[in-house]
>>> print(open('target-v7.pdb').read())   # PDB, C-alpha atoms, pLDDT in the B column
ATOM      1  CA  MET A   1     225.195  51.918 -85.153  1.00 71.00           C
ATOM      2  CA  MET A   2     221.447  52.226 -85.714  1.00 79.00           C
ATOM      3  CA  VAL A   3     221.440  55.827 -84.521  1.00 82.00           C
ATOM      4  CA  TYR A   4     224.155  56.669 -87.035  1.00 83.00           C
ATOM      5  CA  VAL A   5     222.126  55.092 -89.834  1.00 87.00           C
ATOM      6  CA  VAL A   6     219.115  57.194 -88.852  1.00 89.00           C
ATOM      7  CA  ILE A   7     221.176  60.400 -88.689  1.00 88.00           C
ATOM      8  CA  VAL A   8     222.826  59.784 -92.068  1.00 89.00           C
ATOM      9  CA  THR A   9     219.412  59.067 -93.596  1.00 92.00           C
ATOM     10  CA  SER A  10     218.112  62.288 -92.082  1.00 92.00           C
ATOM     11  CA  ILE A  11     220.985  64.320 -93.545  1.00 91.00           C
ATOM     12  CA  ALA A  12     220.509  62.701 -96.961  1.00 92.00           C
ATOM     13  CA  ILE A  13     216.773  63.483 -97.047  1.00 93.00           C
ATOM     14  CA  LEU A  14     217.422  67.032 -95.809  1.00 92.00           C
ATOM     15  CA  LEU A  15     219.933  67.714 -98.575  1.00 91.00           C
ATOM     16  CA  ILE A  16     217.656  66.185-101.213  1.00 92.00           C
ATOM     17  CA  GLY A  17     215.008  68.621 -99.970  1.00 91.00           C
ATOM     18  CA  TYR A  18     217.514  71.489-100.221  1.00 91.00           C
ATOM     19  CA  ILE A  19     218.449  70.592-103.799  1.00 91.00           C
ATOM     20  CA  MET A  20     214.789  70.309-104.725  1.00 90.00           C
ATOM     21  CA  ALA A  21     213.964  73.681-103.151  1.00 89.00           C
ATOM     22  CA  MET A  22     216.871  75.394-104.875  1.00 87.00           C
ATOM     23  CA  SER A  23     216.080  74.045-108.328  1.00 86.00           C
ATOM     24  CA  SER A  24     212.290  74.083-108.224  1.00 84.00           C
ATOM     25  CA  LYS A  25     210.494  76.159-110.818  1.00 84.00           C
ATOM     26  CA  GLU A  26     206.989  75.582-109.429  1.00 85.00           C
ATOM     27  CA  LEU A  27     205.557  76.474-106.043  1.00 86.00           C
ATOM     28  CA  ILE A  28     204.167  72.935-105.659  1.00 88.00           C
ATOM     29  CA  ARG A  29     207.644  71.460-105.816  1.00 89.00           C
ATOM     30  CA  LEU A  30     208.777  74.047-103.286  1.00 89.00           C
ATOM     31  CA  LEU A  31     206.009  72.841-100.961  1.00 89.00           C
ATOM     32  CA  ILE A  32     207.017  69.221-101.513  1.00 92.00           C
ATOM     33  CA  SER A  33     210.662  70.030-100.796  1.00 92.00           C
ATOM     34  CA  LEU A  34     209.699  71.786 -97.550  1.00 91.00           C
ATOM     35  CA  GLU A  35     207.741  68.738 -96.441  1.00 91.00           C
ATOM     36  CA  LEU A  36     210.741  66.547 -97.221  1.00 92.00           C
ATOM     37  CA  MET A  37     212.925  68.809 -95.086  1.00 92.00           C
ATOM     38  CA  PHE A  38     210.463  68.667 -92.210  1.00 91.00           C
ATOM     39  CA  GLY A  39     210.457  64.876 -92.568  1.00 91.00           C
ATOM     40  CA  ALA A  40     214.231  64.947 -92.183  1.00 92.00           C
ATOM     41  CA  VAL A  41     213.836  67.055 -89.054  1.00 91.00           C
ATOM     42  CA  PHE A  42     211.481  64.449 -87.585  1.00 90.00           C
ATOM     43  CA  LEU A  43     214.019  61.774 -88.356  1.00 91.00           C
ATOM     44  CA  ALA A  44     216.785  63.815 -86.725  1.00 89.00           C
ATOM     45  CA  LEU A  45     214.699  63.927 -83.546  1.00 88.00           C
ATOM     46  CA  MET A  46     214.708  60.155 -83.268  1.00 87.00           C
ATOM     47  CA  PRO A  47     218.118  59.825 -81.513  1.00 85.00           C
ATOM     48  CA  LEU A  48     216.743  61.943 -78.656  1.00 84.00           C
ATOM     49  CA  PHE A  49     214.454  59.019 -77.845  1.00 84.00           C
ATOM     50  CA  THR A  50     217.484  56.833 -77.195  1.00 80.00           C
ATOM     51  CA  VAL A  51     218.222  58.684 -73.955  1.00 80.00           C
ATOM     52  CA  PRO A  52     215.641  57.594 -71.355  1.00 79.00           C
ATOM     53  CA  ASN A  53     215.835  60.875 -69.426  1.00 78.00           C
ATOM     54  CA  LEU A  54     215.125  62.884 -72.558  1.00 79.00           C
ATOM     55  CA  THR A  55     212.162  60.887 -73.821  1.00 81.00           C
ATOM     56  CA  THR A  56     209.519  63.276 -72.496  1.00 81.00           C
ATOM     57  CA  SER A  57     211.396  66.333 -73.749  1.00 81.00           C
ATOM     58  CA  ALA A  58     211.877  64.679 -77.126  1.00 84.00           C
ATOM     59  CA  PHE A  59     208.164  64.030 -77.401  1.00 84.00           C
ATOM     60  CA  GLY A  60     207.452  67.652 -76.473  1.00 83.00           C
ATOM     61  CA  ILE A  61     209.866  68.834 -79.169  1.00 86.00           C
ATOM     62  CA  ALA A  62     208.251  66.460 -81.684  1.00 86.00           C
ATOM     63  CA  VAL A  63     204.751  67.802 -80.944  1.00 84.00           C
ATOM     64  CA  LEU A  64     206.016  71.368 -81.165  1.00 83.00           C
ATOM     65  CA  THR A  65     207.728  70.610 -84.479  1.00 86.00           C
ATOM     66  CA  VAL A  66     204.619  68.987 -85.930  1.00 85.00           C
ATOM     67  CA  PHE A  67     202.391  71.922 -85.056  1.00 83.00           C
ATOM     68  CA  THR A  68     204.753  74.709 -86.086  1.00 84.00           C
ATOM     69  CA  SER A  69     205.763  73.042 -89.344  1.00 86.00           C
ATOM     70  CA  GLY A  70     202.122  72.237 -90.075  1.00 84.00           C
ATOM     71  CA  GLY A  71     201.238  75.898 -89.546  1.00 83.00           C
ATOM     72  CA  GLU A  72     204.083  77.020 -91.764  1.00 85.00           C
ATOM     73  CA  LEU A  73     203.016  74.678 -94.550  1.00 85.00           C
ATOM     74  CA  MET A  74     199.413  75.857 -94.185  1.00 84.00           C
ATOM     75  CA  ILE A  75     200.562  79.468 -94.696  1.00 83.00           C
ATOM     76  CA  LEU A  76     202.532  78.432 -97.773  1.00 85.00           C
ATOM     77  CA  ILE A  77     199.522  76.581 -99.208  1.00 86.00           C
ATOM     78  CA  ALA A  78     197.300  79.640 -98.647  1.00 84.00           C
ATOM     79  CA  ALA A  79     199.901  81.901-100.257  1.00 82.00           C
ATOM     80  CA  MET A  80     200.243  79.513-103.190  1.00 84.00           C
ATOM     81  CA  VAL A  81     196.492  79.357-103.840  1.00 84.00           C
ATOM     82  CA  THR A  82     196.234  83.157-103.599  1.00 82.00           C
ATOM     83  CA  PHE A  83     199.205  83.576-105.916  1.00 82.00           C
ATOM     84  CA  SER A  84     197.708  81.160-108.407  1.00 83.00           C
ATOM     85  CA  LYS A  85     194.363  82.951-108.437  1.00 82.00           C
ATOM     86  CA  LYS A  86     195.967  86.353-108.875  1.00 80.00           C
ATOM     87  CA  PHE A  87     198.647  85.592-111.447  1.00 79.00           C
ATOM     88  CA  ARG A  88     197.170  82.459-113.063  1.00 80.00           C
ATOM     89  CA  SER A  89     200.498  80.752-112.575  1.00 79.00           C
ATOM     90  CA  ILE A  90     202.453  78.797-109.992  1.00 78.00           C
ATOM     91  CA  SER A  91     205.846  79.432-111.529  1.00 80.00           C
ATOM     92  CA  THR A  92     208.520  80.753-109.199  1.00 76.00           C
ATOM     93  CA  ASP A  93     209.698  83.055-111.996  1.00 76.00           C
ATOM     94  CA  ASP A  94     206.572  85.162-111.511  1.00 75.00           C
ATOM     95  CA  ILE A  95     207.363  85.918-107.868  1.00 73.00           C
ATOM     96  CA  LEU A  96     208.495  89.495-107.392  1.00 70.00           C
ATOM     97  CA  VAL A  97     211.127  90.249-104.797  1.00 62.00           C
ATOM     98  CA  GLY A  98     210.754  93.030-102.266  1.00 54.00           C
ATOM     99  CA  GLY A  99     208.388  94.172 -99.549  1.00 52.00           C
ATOM    100  CA  ASP A 100     205.828  91.897 -98.039  1.00 54.00           C
ATOM    101  CA  ARG A 101     203.953  91.324-101.280  1.00 51.00           C
ATOM    102  CA  ILE A 102     204.600  88.156-103.238  1.00 47.00           C
TER     103      ILE A 102
ATOM    104  CA  MET B 103     222.512  42.062 -86.215  1.00 74.00           C
ATOM    105  CA  ASP B 104     218.907  41.483 -85.175  1.00 82.00           C
ATOM    106  CA  THR B 105     215.789  41.656 -87.303  1.00 84.00           C
ATOM    107  CA  ILE B 106     214.740  45.122 -86.127  1.00 83.00           C
ATOM    108  CA  SER B 107     218.118  46.615 -87.029  1.00 84.00           C
ATOM    109  CA  LEU B 108     218.046  45.041 -90.476  1.00 88.00           C
ATOM    110  CA  THR B 109     214.498  46.264 -91.002  1.00 88.00           C
ATOM    111  CA  LEU B 110     215.509  49.767 -89.908  1.00 88.00           C
ATOM    112  CA  ILE B 111     218.391  49.802 -92.398  1.00 91.00           C
ATOM    113  CA  ALA B 112     216.059  48.587 -95.150  1.00 92.00           C
ATOM    114  CA  ILE B 113     213.484  51.278 -94.316  1.00 92.00           C
ATOM    115  CA  CYS B 114     216.210  53.962 -94.251  1.00 92.00           C
ATOM    116  CA  CYS B 115     217.447  52.887 -97.698  1.00 93.00           C
ATOM    117  CA  PHE B 116     213.890  52.810 -99.015  1.00 93.00           C
ATOM    118  CA  SER B 117     213.134  56.289 -97.678  1.00 93.00           C
ATOM    119  CA  VAL B 118     216.278  57.739 -99.304  1.00 93.00           C
ATOM    120  CA  ILE B 119     215.358  56.048-102.606  1.00 94.00           C
ATOM    121  CA  MET B 120     211.852  57.521-102.380  1.00 93.00           C
ATOM    122  CA  ALA B 121     213.336  60.962-101.609  1.00 93.00           C
ATOM    123  CA  PHE B 122     215.521  60.675-104.721  1.00 92.00           C
ATOM    124  CA  ALA B 123     212.445  59.611-106.692  1.00 93.00           C
ATOM    125  CA  THR B 124     210.699  62.760-105.433  1.00 91.00           C
ATOM    126  CA  LEU B 125     213.602  64.807-106.734  1.00 90.00           C
ATOM    127  CA  PHE B 126     214.019  63.099-110.097  1.00 91.00           C
ATOM    128  CA  THR B 127     210.373  62.642-111.078  1.00 90.00           C
ATOM    129  CA  LYS B 128     209.246  65.006-113.798  1.00 87.00           C
ATOM    130  CA  ASP B 129     205.558  64.898-112.919  1.00 87.00           C
ATOM    131  CA  THR B 130     204.706  66.934-109.811  1.00 88.00           C
ATOM    132  CA  PHE B 131     201.798  64.649-108.955  1.00 89.00           C
ATOM    133  CA  TYR B 132     204.030  61.590-108.699  1.00 90.00           C
ATOM    134  CA  SER B 133     206.585  63.703-106.865  1.00 90.00           C
ATOM    135  CA  ALA B 134     203.962  64.461-104.196  1.00 89.00           C
ATOM    136  CA  LEU B 135     203.091  60.768-103.982  1.00 90.00           C
ATOM    137  CA  TYR B 136     206.745  59.793-103.510  1.00 92.00           C
ATOM    138  CA  MET B 137     207.073  62.494-100.862  1.00 91.00           C
ATOM    139  CA  SER B 138     204.110  60.984 -98.994  1.00 90.00           C
ATOM    140  CA  ILE B 139     205.740  57.552 -99.159  1.00 92.00           C
ATOM    141  CA  THR B 140     208.961  59.052 -97.769  1.00 93.00           C
ATOM    142  CA  LEU B 141     207.068  60.562 -94.844  1.00 91.00           C
ATOM    143  CA  ILE B 142     205.259  57.286 -94.197  1.00 91.00           C
ATOM    144  CA  THR B 143     208.574  55.434 -94.070  1.00 92.00           C
ATOM    145  CA  ILE B 144     209.894  58.037 -91.623  1.00 92.00           C
ATOM    146  CA  ALA B 145     206.822  57.466 -89.463  1.00 90.00           C
ATOM    147  CA  GLY B 146     207.404  53.734 -89.887  1.00 90.00           C
ATOM    148  CA  MET B 147     210.854  54.069 -88.335  1.00 90.00           C
ATOM    149  CA  TYR B 148     209.244  55.538 -85.229  1.00 89.00           C
ATOM    150  CA  ALA B 149     206.724  52.691 -85.156  1.00 89.00           C
ATOM    151  CA  LEU B 150     209.516  50.165 -85.538  1.00 88.00           C
ATOM    152  CA  ASN B 151     211.242  51.575 -82.459  1.00 85.00           C
ATOM    153  CA  ASN B 152     207.994  51.506 -80.477  1.00 84.00           C
ATOM    154  CA  ILE B 153     207.579  55.296 -80.354  1.00 85.00           C
ATOM    155  CA  GLN B 154     203.915  55.124 -81.253  1.00 85.00           C
ATOM    156  CA  PRO B 155     202.747  58.684 -80.352  1.00 85.00           C
ATOM    157  CA  VAL B 156     205.148  60.310 -82.824  1.00 86.00           C
ATOM    158  CA  PHE B 157     204.169  57.736 -85.455  1.00 87.00           C
ATOM    159  CA  VAL B 158     200.520  58.742 -84.996  1.00 86.00           C
ATOM    160  CA  LEU B 159     201.361  62.464 -85.130  1.00 85.00           C
ATOM    161  CA  ILE B 160     203.359  62.189 -88.347  1.00 87.00           C
ATOM    162  CA  THR B 161     200.905  59.825 -90.018  1.00 86.00           C
ATOM    163  CA  PHE B 162     197.747  61.743 -89.119  1.00 84.00           C
ATOM    164  CA  ILE B 163     198.920  65.338 -89.392  1.00 82.00           C
ATOM    165  CA  PHE B 164     201.716  65.224 -91.944  1.00 82.00           C
ATOM    166  CA  VAL B 165     200.754  62.427 -94.261  1.00 83.00           C
ATOM    167  CA  GLY B 166     197.019  62.411 -93.582  1.00 83.00           C
ATOM    168  CA  ALA B 167     196.341  66.129 -93.693  1.00 83.00           C
ATOM    169  CA  ILE B 168     199.153  68.128 -95.261  1.00 85.00           C
ATOM    170  CA  GLY B 169     200.377  65.321 -97.535  1.00 85.00           C
ATOM    171  CA  ALA B 170     196.859  64.759 -98.862  1.00 85.00           C
ATOM    172  CA  VAL B 171     196.417  68.490 -99.527  1.00 86.00           C
ATOM    173  CA  THR B 172     199.766  68.559-101.328  1.00 87.00           C
ATOM    174  CA  VAL B 173     198.828  65.587-103.511  1.00 86.00           C
ATOM    175  CA  ALA B 174     195.469  67.223-104.299  1.00 86.00           C
ATOM    176  CA  LEU B 175     197.160  70.522-105.196  1.00 86.00           C
ATOM    177  CA  ALA B 176     199.734  68.714-107.315  1.00 86.00           C
ATOM    178  CA  ALA B 177     196.930  66.950-109.170  1.00 86.00           C
ATOM    179  CA  MET B 178     195.098  70.247-109.639  1.00 84.00           C
ATOM    180  CA  TYR B 179     198.119  72.158-110.982  1.00 83.00           C
ATOM    181  CA  ARG B 180     199.495  69.211-112.932  1.00 81.00           C
ATOM    182  CA  ASP B 181     201.617  70.252-115.875  1.00 78.00           C
ATOM    183  CA  PRO B 182     200.564  68.514-119.124  1.00 77.00           C
ATOM    184  CA  ARG B 183     204.166  68.669-120.328  1.00 78.00           C
ATOM    185  CA  PRO B 184     206.271  67.895-117.253  1.00 78.00           C
ATOM    186  CA  LYS B 185     209.971  68.515-117.380  1.00 79.00           C
ATOM    187  CA  LEU B 186     212.873  67.698-115.111  1.00 79.00           C
ATOM    188  CA  GLN B 187     213.425  70.455-112.535  1.00 77.00           C
ATOM    189  CA  ILE B 188     216.902  69.806-111.231  1.00 80.00           C
ATOM    190  CA  ASP B 189     219.786  72.220-111.214  1.00 80.00           C
ATOM    191  CA  PHE B 190     222.740  69.836-110.996  1.00 83.00           C
ATOM    192  CA  VAL B 191     225.076  72.621-109.864  1.00 85.00           C
ATOM    193  CA  TRP B 192     223.398  72.504-106.448  1.00 85.00           C
ATOM    194  CA  PHE B 193     224.661  68.951-105.962  1.00 86.00           C
ATOM    195  CA  ILE B 194     228.166  70.304-105.311  1.00 88.00           C
ATOM    196  CA  PRO B 195     227.332  72.433-102.219  1.00 87.00           C
ATOM    197  CA  ALA B 196     224.935  69.707-101.071  1.00 86.00           C
ATOM    198  CA  ILE B 197     227.673  67.061-101.181  1.00 87.00           C
ATOM    199  CA  ILE B 198     230.101  69.390 -99.391  1.00 89.00           C
ATOM    200  CA  THR B 199     227.469  70.089 -96.715  1.00 86.00           C
ATOM    201  CA  PHE B 200     226.813  66.357 -96.354  1.00 84.00           C
ATOM    202  CA  ALA B 201     230.530  65.715 -95.862  1.00 85.00           C
ATOM    203  CA  VAL B 202     230.868  68.476 -93.263  1.00 86.00           C
ATOM    204  CA  ILE B 203     227.822  67.337 -91.244  1.00 83.00           C
ATOM    205  CA  PHE B 204     228.844  63.677 -91.559  1.00 80.00           C
ATOM    206  CA  ASN B 205     232.317  64.489 -90.273  1.00 81.00           C
ATOM    207  CA  SER B 206     230.932  66.606 -87.435  1.00 80.00           C
ATOM    208  CA  ILE B 207     228.540  63.916 -86.273  1.00 76.00           C
ATOM    209  CA  PHE B 208     231.083  61.127 -86.386  1.00 75.00           C
ATOM    210  CA  GLY B 209     233.557  63.386 -84.593  1.00 74.00           C
ATOM    211  CA  PHE B 210     231.356  63.173 -81.516  1.00 66.00           C
ATOM    212  CA  ASN B 211     231.274  59.611 -80.321  1.00 61.00           C
ATOM    213  CA  ASN B 212     228.932  60.068 -77.392  1.00 62.00           C
ATOM    214  CA  ILE B 213     225.816  59.135 -79.318  1.00 60.00           C
ATOM    215  CA  PRO B 214     224.122  56.068 -77.814  1.00 59.00           C
ATOM    216  CA  SER B 215     224.707  52.964 -79.852  1.00 57.00           C
ATOM    217  CA  ALA B 216     221.155  51.638 -79.882  1.00 59.00           C
ATOM    218  CA  PHE B 217     217.570  52.579 -79.281  1.00 59.00           C
ATOM    219  CA  THR B 218     216.075  51.845 -75.914  1.00 57.00           C
ATOM    220  CA  ASN B 219     212.520  50.752 -75.419  1.00 54.00           C
ATOM    221  CA  SER B 220     211.180  54.180 -74.525  1.00 53.00           C
ATOM    222  CA  GLU B 221     207.845  55.008 -73.011  1.00 53.00           C
ATOM    223  CA  ILE B 222     206.222  58.405 -73.015  1.00 53.00           C
ATOM    224  CA  SER B 223     204.331  58.541 -69.783  1.00 54.00           C
ATOM    225  CA  VAL B 224     204.715  61.902 -68.098  1.00 54.00           C
ATOM    226  CA  PHE B 225     203.995  64.349 -70.856  1.00 55.00           C
ATOM    227  CA  VAL B 226     201.065  65.827 -68.936  1.00 54.00           C
ATOM    228  CA  GLU B 227     203.144  67.934 -66.541  1.00 57.00           C
ATOM    229  CA  GLU B 228     202.658  71.196 -68.412  1.00 61.00           C
ATOM    230  CA  TYR B 229     199.969  70.003 -70.741  1.00 67.00           C
ATOM    231  CA  VAL B 230     197.605  72.953 -70.201  1.00 70.00           C
ATOM    232  CA  VAL B 231     200.310  75.468 -71.117  1.00 72.00           C
ATOM    233  CA  PHE B 232     201.134  73.438 -74.195  1.00 71.00           C
ATOM    234  CA  VAL B 233     197.504  73.278 -75.323  1.00 72.00           C
ATOM    235  CA  LEU B 234     197.062  77.019 -74.749  1.00 78.00           C
ATOM    236  CA  PHE B 235     200.190  77.691 -76.767  1.00 77.00           C
ATOM    237  CA  PHE B 236     198.921  75.608 -79.683  1.00 75.00           C
ATOM    238  CA  PHE B 237     195.514  77.280 -79.612  1.00 76.00           C
ATOM    239  CA  SER B 238     197.209  80.690 -79.672  1.00 81.00           C
ATOM    240  CA  LEU B 239     199.458  79.578 -82.507  1.00 77.00           C
ATOM    241  CA  ALA B 240     196.533  78.232 -84.539  1.00 76.00           C
ATOM    242  CA  ILE B 241     194.466  81.401 -84.010  1.00 82.00           C
ATOM    243  CA  LEU B 242     197.394  83.631 -84.994  1.00 80.00           C
ATOM    244  CA  LEU B 243     198.035  81.606 -88.136  1.00 76.00           C
ATOM    245  CA  MET B 244     194.361  81.637 -89.107  1.00 76.00           C
ATOM    246  CA  LEU B 245     194.186  85.405 -88.593  1.00 81.00           C
ATOM    247  CA  ALA B 246     197.286  85.865 -90.725  1.00 76.00           C
ATOM    248  CA  VAL B 247     195.848  83.738 -93.524  1.00 73.00           C
ATOM    249  CA  VAL B 248     192.441  85.456 -93.440  1.00 76.00           C
ATOM    250  CA  LYS B 249     194.067  88.896 -93.489  1.00 76.00           C
ATOM    251  CA  PHE B 250     196.351  87.865 -96.312  1.00 69.00           C
ATOM    252  CA  VAL B 251     193.526  86.455 -98.441  1.00 68.00           C
ATOM    253  CA  ARG B 252     191.247  89.460 -97.813  1.00 72.00           C
ATOM    254  CA  ARG B 253     194.016  91.914 -98.678  1.00 71.00           C
ATOM    255  CA  GLU B 254     194.655  90.186-101.976  1.00 63.00           C
ATOM    256  CA  GLY B 255     190.924  90.329-102.733  1.00 57.00           C
ATOM    257  CA  VAL B 256     190.493  86.694-103.661  1.00 50.00           C
TER     258      VAL B 256
END
>>> encode(input="target-v7.pdb", output="structure tokens")
Amino acid sequence: MMVYVVIVTSIAILLIGYIMAMSSKELIRLLISLELMFGAVFLALMPLFTVPNLTTSAFGIAVLTVFTSGGELMILIAAMVTFSKKFRSISTDDILVGGDRI
Amino acid sequence: MDTISLTLIAICCFSVIMAFATLFTKDTFYSALYMSITLITIAGMYALNNIQPVFVLITFIFVGAIGAVTVALAAMYRDPRPKLQIDFVWFIPAIITFAVIFNSIFGFNNIPSAFTNSEISVFVEEYVVFVLFFFSLAILLMLAVVKFVRREGV
């Protein structure tokens, strides 16, 4: 029962993050929505800790998730600051599509 | 139902409410604050189930470092005239996705019914490889950021 509650909470937070990412008009809100989604991922990992044989693997996956998501968010923060300094704006409408240039 | 289960349900409800507050708040600064509270409640669920290492990781790295940077950035780029940034059309695919995932999860009934008192004791088996991997990852990310910033001439 408790595992189901945790999983449903995780799905709810993940979808709230999705909605926020899809409808955000500022890069800050995009960053916030990504962090919400990563929070949901952490919550989804919790049921792995219910299986005693998987506890060590679950902890390894959790550490891996923390570091990779932290790195990804750091890249986004750097890109956002650079974007803001170049275009004097953090609006997603100013982002040009195509190539590797934002 | 015991006290821990009731507390877990209460924390889950609170975290979903805080996530909705993050979505519906007009001001980005308060949105970042609500997001931090959501992450703290998620870490609190781990603490409640006696999974302390993950609680420390989430609290220190996510809330302590990245969450604080996000709140600072949100305060820096705060809009003097905040407006609601929700496209309600996206609720429809989100609700459909929720229903599909919900149905899929409850279709499989082999999920354990309760949390066990888990202990993380033997994580050190391949610890050196793990640490080397994280150092490599951090160096690669730093190089990417430095190259990116230099190229843009900031």
>>> closest_residue(input="target-v7.pdb", among="B:Val233, B:Ile111, B:Ala174, B:Ala246", to="Ile28 in chain A", atoms="only C-alpha atoms")
B:Ala174
>>> closest_residue(input="target-v7.pdb", among="A:Ser24, A:Ser10, A:Ser89, A:Thr65", to="Pro47 in chain A", atoms="all atoms listed in the file")
A:Ser10
>>> closest_residue(input="target-v7.pdb", among="A:Ser23, A:Ser91, A:Asn53, A:Ser84", to="chain B", atoms="all atoms listed in the file")
A:Ser23
>>> resolve_selection(input="target-v7.pdb", expression="the PyMOL selection byres ((chain B and resi 135) around 12)", output="ChimeraX atom specification")
/A:29,32,35-36 /B:120-121,123-125,127,129-134,136-142,165,169-177
>>> closest_residue(input="target-v7.pdb", among="B:Phe162, B:Phe122, B:Phe116, B:Phe237", to="chain A", atoms="only C-alpha atoms")
B:Phe122
>>> atom_distance(input="target-v7.pdb", atom1="CA of Trp192 in chain B", atom2="CA of Leu14 in chain A")
13.4 Å
>>> interface_residues(input="target-v7.pdb", of="chain A", to="chain B", cutoff="6 Å", atoms="only C-alpha atoms", output="list in words")
Met1, Met2, Leu15, Ile19, Met20, Ser23, Ser24, Gly39, Thr50 and Thr56 of chain A
>>> atom_distance(input="target-v7.pdb", atom1="CA of Lys128 in chain B", atom2="CA of Ile75 in chain A")
25.5 Å
>>> atom_distance(input="target-v7.pdb", atom1="CA of Ala21 in chain A", atom2="CA of Met37 in chain A")
9.5 Å
>>> resolve_selection(input="target-v7.pdb", expression="the PyMOL selection byres ((chain A and resi 76) around 10)", output="VMD selection string")
(chain A and resid 27 to 28 30 to 31 34 70 to 75 77 to 82) or (chain B and resid 247)
>>> resolve_selection(input="target-v7.pdb", expression="the PyMOL selection byres ((chain A and resi 44) around 10)", output="ChimeraX atom specification")
/A:3,6-11,14,38-43,45-48
>>> write_last_selection(input="target-v7.pdb", atoms="C-alpha atoms", output="CSV table (one decimal), keeping the file's coordinate frame")
chain,number,residue,atom,x,y,z
A,3,VAL,CA,221.4,55.8,-84.5
A,6,VAL,CA,219.1,57.2,-88.9
A,7,ILE,CA,221.2,60.4,-88.7
A,8,VAL,CA,222.8,59.8,-92.1
A,9,THR,CA,219.4,59.1,-93.6
A,10,SER,CA,218.1,62.3,-92.1
A,11,ILE,CA,221.0,64.3,-93.5
A,14,LEU,CA,217.4,67.0,-95.8
A,38,PHE,CA,210.5,68.7,-92.2
A,39,GLY,CA,210.5,64.9,-92.6
A,40,ALA,CA,214.2,64.9,-92.2
A,41,VAL,CA,213.8,67.1,-89.1
A,42,PHE,CA,211.5,64.4,-87.6
A,43,LEU,CA,214.0,61.8,-88.4
A,45,LEU,CA,214.7,63.9,-83.5
A,46,MET,CA,214.7,60.2,-83.3
A,47,PRO,CA,218.1,59.8,-81.5
A,48,LEU,CA,216.7,61.9,-78.7
>>> axis_aligned_box(input="target-v7.pdb", around="range 13-21 of chain A", padding_each_side="3 Å", output="lines of an AutoDock Vina configuration file")
center_x = 216.9
center_y = 68.6
center_z = -100.3
size_x = 12.0
size_y = 16.2
size_z = 14.9
